[in-house]
Amino acid sequence: MDYKKYKPTKKWVISEVVKICALSLGTGYIFFESLIWSLVVLPFGIIVWKKDIESYIAKRKKMLTKEFREMIVVLSGNLNAGYSLERAFAVTYGDMRKSGEEYQYILSELKVIINGIECNRRAEDMLLDLGTRSDVRDILDFARLIVSTKIYGGNIVSIIRQTAGNIAEKHMVEEEINTIIASKKLEGRIMLMMPFLIIIYMKLTNSGYMDIMYRTALGNIVMCISLIFIILSGFLINKIVKIEV
């Protein structure tokens, strides 16, 4: 599996099309009370489509990273028990499969590694392949560490144990940062929703007050400019809270 790409399923496409149409119709009605403007806004759904795919890929890579970190801990324990690196992968696969936890990706990737080892491929090469396909920094760093240890020599058990500890500490720091980022993302979404909610409130409580914005050319221009600024604000907020950890 190439984790850097996503081929949408039929179910995903249908749900995404419904979502984009609903957003376009809602925006067209709230800002212009016009089906024609809803159709004008509709092409901007391509941006939503691309962003949702990027979000899905990011979530998938995040899940793989989490599962990989758990795998390293189990692998380290099996190496400490005296297994070779190649054998430790097979034992780790069995331990994780029997653990009762739901692993979406790492079990299938472990199976690929084990099959590769059975076909006389090196474990470090299989890890490098996984790191390249996933573009996950932790996996690439771990694979390169194994390669360096095999080439230049070293206590691979001690190195993996230390790596597992470092990854655990890094995970704790990332969780704290992600918590802060999540709160800022929520604030950003609320700020973006406020103009829509204010307009809806005005339409429900005093619809005649908003007639000038829908019935005159100047009003349409003002609403159009306002919508553009809201979209630009959305891009700006997304850029501010997009912090790689």
# chains A, B, ... in the order shown; residues from 1 in each chain; ligands from 1
call {"tool": "closest_atom_pairs", "arguments": {"of": "segment 75-112 of chain A", "to": "segment 128-146 of chain A", "cutoff": "10 Å", "atoms": "only C-alpha atoms", "output": "Markdown table"}}
result
| residue | atom | partner | partner_atom | distance |
| --- | --- | --- | --- | --- |
| A:Leu85 | CA | A:Ile146 | CA | 9.9 |
| A:Glu109 | CA | A:Leu130 | CA | 7.6 |
| A:Leu110 | CA | A:Leu130 | CA | 9.8 |
| A:Val112 | CA | A:Leu130 | CA | 9.3 |
call {"tool": "residues_around", "arguments": {"residues": "Lys5 of chain A", "least_positions_apart": "4", "cutoff": "10 Å", "atoms": "only C-alpha atoms", "output": "number ranges by chain"}}
result
A: 1, 53-54, 56-57, 133-134
call {"tool": "write_last_selection", "arguments": {"atoms": "C-alpha atoms", "output": "short mmCIF file (atom, residue, chain, number, x, y, z; two decimals), in the first residue's frame"}}
result
data_model
loop_
_atom_site.label_atom_id
_atom_site.label_comp_id
_atom_site.auth_asym_id
_atom_site.auth_seq_id
_atom_site.Cartn_x
_atom_site.Cartn_y
_atom_site.Cartn_z
CA MET A 1 0.00 0.00 0.00
CA ILE A 53 -8.19 13.49 0.68
CA GLU A 54 -5.15 15.15 2.27
CA TYR A 56 -7.59 11.20 5.14
CA ILE A 57 -3.99 10.48 4.09
CA ARG A 133 5.83 3.85 0.91
CA SER A 134 4.49 5.49 4.05
#
call {"tool": "residues_around", "arguments": {"residues": "segment 199-203 of chain A", "least_positions_apart": "3", "cutoff": "12 Å", "atoms": "only C-alpha atoms", "output": "mmCIF file with N, CA and C atoms, in the first residue's frame"}}
result
data_model
loop_
_atom_site.group_PDB
_atom_site.id
_atom_site.type_symbol
_atom_site.label_atom_id
_atom_site.label_comp_id
_atom_site.auth_asym_id
_atom_site.auth_seq_id
_atom_site.Cartn_x
_atom_site.Cartn_y
_atom_site.Cartn_z
ATOM 1 N N GLY A 26 -26.128 25.402 0.566
ATOM 2 C CA GLY A 26 -26.263 26.181 1.796
ATOM 3 C C GLY A 26 -25.619 27.541 1.677
ATOM 4 N N THR A 27 -24.398 27.587 1.107
ATOM 5 C CA THR A 27 -23.692 28.861 0.945
ATOM 6 C C THR A 27 -24.442 29.775 -0.019
ATOM 7 N N TYR A 29 -27.619 29.827 -0.695
ATOM 8 C CA TYR A 29 -28.854 30.338 -0.093
ATOM 9 C C TYR A 29 -28.565 31.381 0.977
ATOM 10 N N ILE A 30 -27.603 31.101 1.843
ATOM 11 C CA ILE A 30 -27.319 32.006 2.968
ATOM 12 C C ILE A 30 -26.807 33.347 2.475
ATOM 13 N N PHE A 31 -25.911 33.345 1.483
ATOM 14 C CA PHE A 31 -25.278 34.592 1.060
ATOM 15 C C PHE A 31 -25.988 35.272 -0.115
ATOM 16 N N PHE A 32 -26.720 34.508 -0.933
ATOM 17 C CA PHE A 32 -27.290 35.110 -2.135
ATOM 18 C C PHE A 32 -28.757 34.772 -2.366
ATOM 19 N N GLU A 33 -29.305 33.789 -1.634
ATOM 20 C CA GLU A 33 -30.664 33.319 -1.861
ATOM 21 C C GLU A 33 -30.883 33.021 -3.340
ATOM 22 N N MET A 193 -17.497 29.860 11.261
ATOM 23 C CA MET A 193 -18.940 29.622 11.269
ATOM 24 C C MET A 193 -19.742 30.847 11.695
ATOM 25 N N MET A 194 -19.115 31.749 12.431
ATOM 26 C CA MET A 194 -19.840 32.900 12.975
ATOM 27 C C MET A 194 -20.545 33.745 11.912
ATOM 28 N N PRO A 195 -19.886 34.111 10.780
ATOM 29 C CA PRO A 195 -20.603 34.908 9.764
ATOM 30 C C PRO A 195 -21.854 34.203 9.245
ATOM 31 N N PHE A 196 -21.771 32.875 9.035
ATOM 32 C CA PHE A 196 -22.927 32.123 8.564
ATOM 33 C C PHE A 196 -24.054 32.161 9.608
ATOM 34 N N ASN A 206 -35.286 38.990 11.422
ATOM 35 C CA ASN A 206 -35.715 40.200 10.723
ATOM 36 C C ASN A 206 -35.296 40.086 9.254
ATOM 37 N N SER A 207 -36.010 39.266 8.507
ATOM 38 C CA SER A 207 -35.624 38.992 7.122
ATOM 39 C C SER A 207 -35.645 40.237 6.252
ATOM 40 N N GLY A 208 -36.562 41.166 6.524
ATOM 41 C CA GLY A 208 -36.635 42.383 5.721
ATOM 42 C C GLY A 208 -35.386 43.230 5.831
ATOM 43 N N TYR A 209 -34.703 43.146 6.959
ATOM 44 C CA TYR A 209 -33.477 43.923 7.181
ATOM 45 C C TYR A 209 -32.377 43.505 6.210
ATOM 46 N N MET A 210 -32.439 42.221 5.751
ATOM 47 C CA MET A 210 -31.401 41.697 4.868
ATOM 48 C C MET A 210 -31.767 41.796 3.390
ATOM 49 N N ASP A 211 -32.971 42.310 3.078
ATOM 50 C CA ASP A 211 -33.406 42.339 1.678
ATOM 51 C C ASP A 211 -32.456 43.127 0.783
ATOM 52 N N ILE A 212 -31.916 44.212 1.295
ATOM 53 C CA ILE A 212 -31.034 45.059 0.476
ATOM 54 C C ILE A 212 -29.793 44.298 0.036
ATOM 55 N N MET A 213 -29.381 43.302 0.846
ATOM 56 C CA MET A 213 -28.184 42.537 0.512
ATOM 57 C C MET A 213 -28.452 41.517 -0.597
ATOM 58 N N TYR A 214 -29.753 41.147 -0.769
ATOM 59 C CA TYR A 214 -30.092 40.127 -1.760
ATOM 60 C C TYR A 214 -30.764 40.712 -3.004
ATOM 61 N N MET A 223 -21.817 40.870 -0.399
ATOM 62 C CA MET A 223 -21.894 39.489 0.075
ATOM 63 C C MET A 223 -20.824 38.620 -0.591
ATOM 64 N N SER A 226 -17.528 39.433 0.994
ATOM 65 C CA SER A 226 -17.502 38.842 2.341
ATOM 66 C C SER A 226 -17.195 37.349 2.273
ATOM 67 N N LEU A 227 -17.830 36.658 1.316
ATOM 68 C CA LEU A 227 -17.601 35.221 1.165
ATOM 69 C C LEU A 227 -16.148 34.931 0.781
#
call {"tool": "select_by_dssp", "arguments": {"residues": "segment 26-227 of chain A", "states": "alpha helix (DSSP H)", "output": "MDAnalysis selection string"}}
result
chainID A and resid 26:32 35:41 45:80 85:98 106:118 123:134 137:152 156:205 211:215 217:227
call {"tool": "atom_distance", "arguments": {"atom1": "atom CA of Leu192 of chain A", "atom2": "atom CA of Pro43 of chain A"}}
result
19.8 Å
call {"tool": "atom_distance", "arguments": {"atom1": "atom CA of Glu187 of chain A", "atom2": "atom CA of Thr205 of chain A"}}
result
26.0 Å
call {"tool": "residues_around", "arguments": {"residues": "Glu175 of chain A", "least_positions_apart": "5", "cutoff": "12 Å", "atoms": "only C-alpha atoms", "output": "PyMOL selection string"}}
result
chain A and resi 62+66+168-170+180-182+245
call {"tool": "write_last_selection", "arguments": {"atoms": "N, CA and C atoms", "output": "tab-separated table (two decimals), in the first residue's frame"}}
result
chain	number	residue	atom	x	y	z
A	62	LYS	N	-0.89	8.90	10.41
A	62	LYS	CA	-0.82	9.05	11.86
A	62	LYS	C	-1.16	7.74	12.57
A	66	LYS	N	1.33	5.46	14.94
A	66	LYS	CA	0.96	5.01	16.28
A	66	LYS	C	1.13	3.50	16.42
A	168	ALA	N	8.80	6.64	22.63
A	168	ALA	CA	7.75	6.81	23.64
A	168	ALA	C	7.76	8.24	24.19
A	169	GLU	N	8.96	8.77	24.47
A	169	GLU	CA	9.07	10.15	24.97
A	169	GLU	C	8.59	11.15	23.92
A	170	LYS	N	8.98	10.90	22.67
A	170	LYS	CA	8.56	11.78	21.58
A	170	LYS	C	7.05	11.77	21.43
A	180	ILE	N	-2.99	21.02	22.15
A	180	ILE	CA	-3.04	22.49	22.00
A	180	ILE	C	-3.53	22.86	20.60
A	181	ILE	N	-3.01	22.17	19.58
A	181	ILE	CA	-3.39	22.47	18.20
A	181	ILE	C	-4.87	22.20	17.98
A	182	ALA	N	-5.38	21.12	18.57
A	182	ALA	CA	-6.80	20.75	18.41
A	182	ALA	C	-7.71	21.85	18.93
A	245	VAL	N	4.61	17.90	13.76
A	245	VAL	CA	5.27	17.52	15.01
A	245	VAL	C	5.86	16.12	14.89
call {"tool": "residues_around", "arguments": {"residues": "segment 158-161 of chain A", "least_positions_apart": "6", "cutoff": "8 Å", "atoms": "only C-alpha atoms", "output": "list in words"}}
result
Ile72, Val73, Ser76 and Gly77 of chain A
call {"tool": "closest_atom_pairs", "arguments": {"of": "segment 42-81 of chain A", "to": "segment 232-235 of chain A", "cutoff": "12 Å", "atoms": "only C-alpha atoms", "output": "JSON lines"}}
result
{"residue": "A:Ile47", "atom": "CA", "partner": "A:Phe235", "partner_atom": "CA", "distance": 10.5}
{"residue": "A:Val48", "atom": "CA", "partner": "A:Phe235", "partner_atom": "CA", "distance": 11.3}
{"residue": "A:Lys51", "atom": "CA", "partner": "A:Phe235", "partner_atom": "CA", "distance": 10.7}
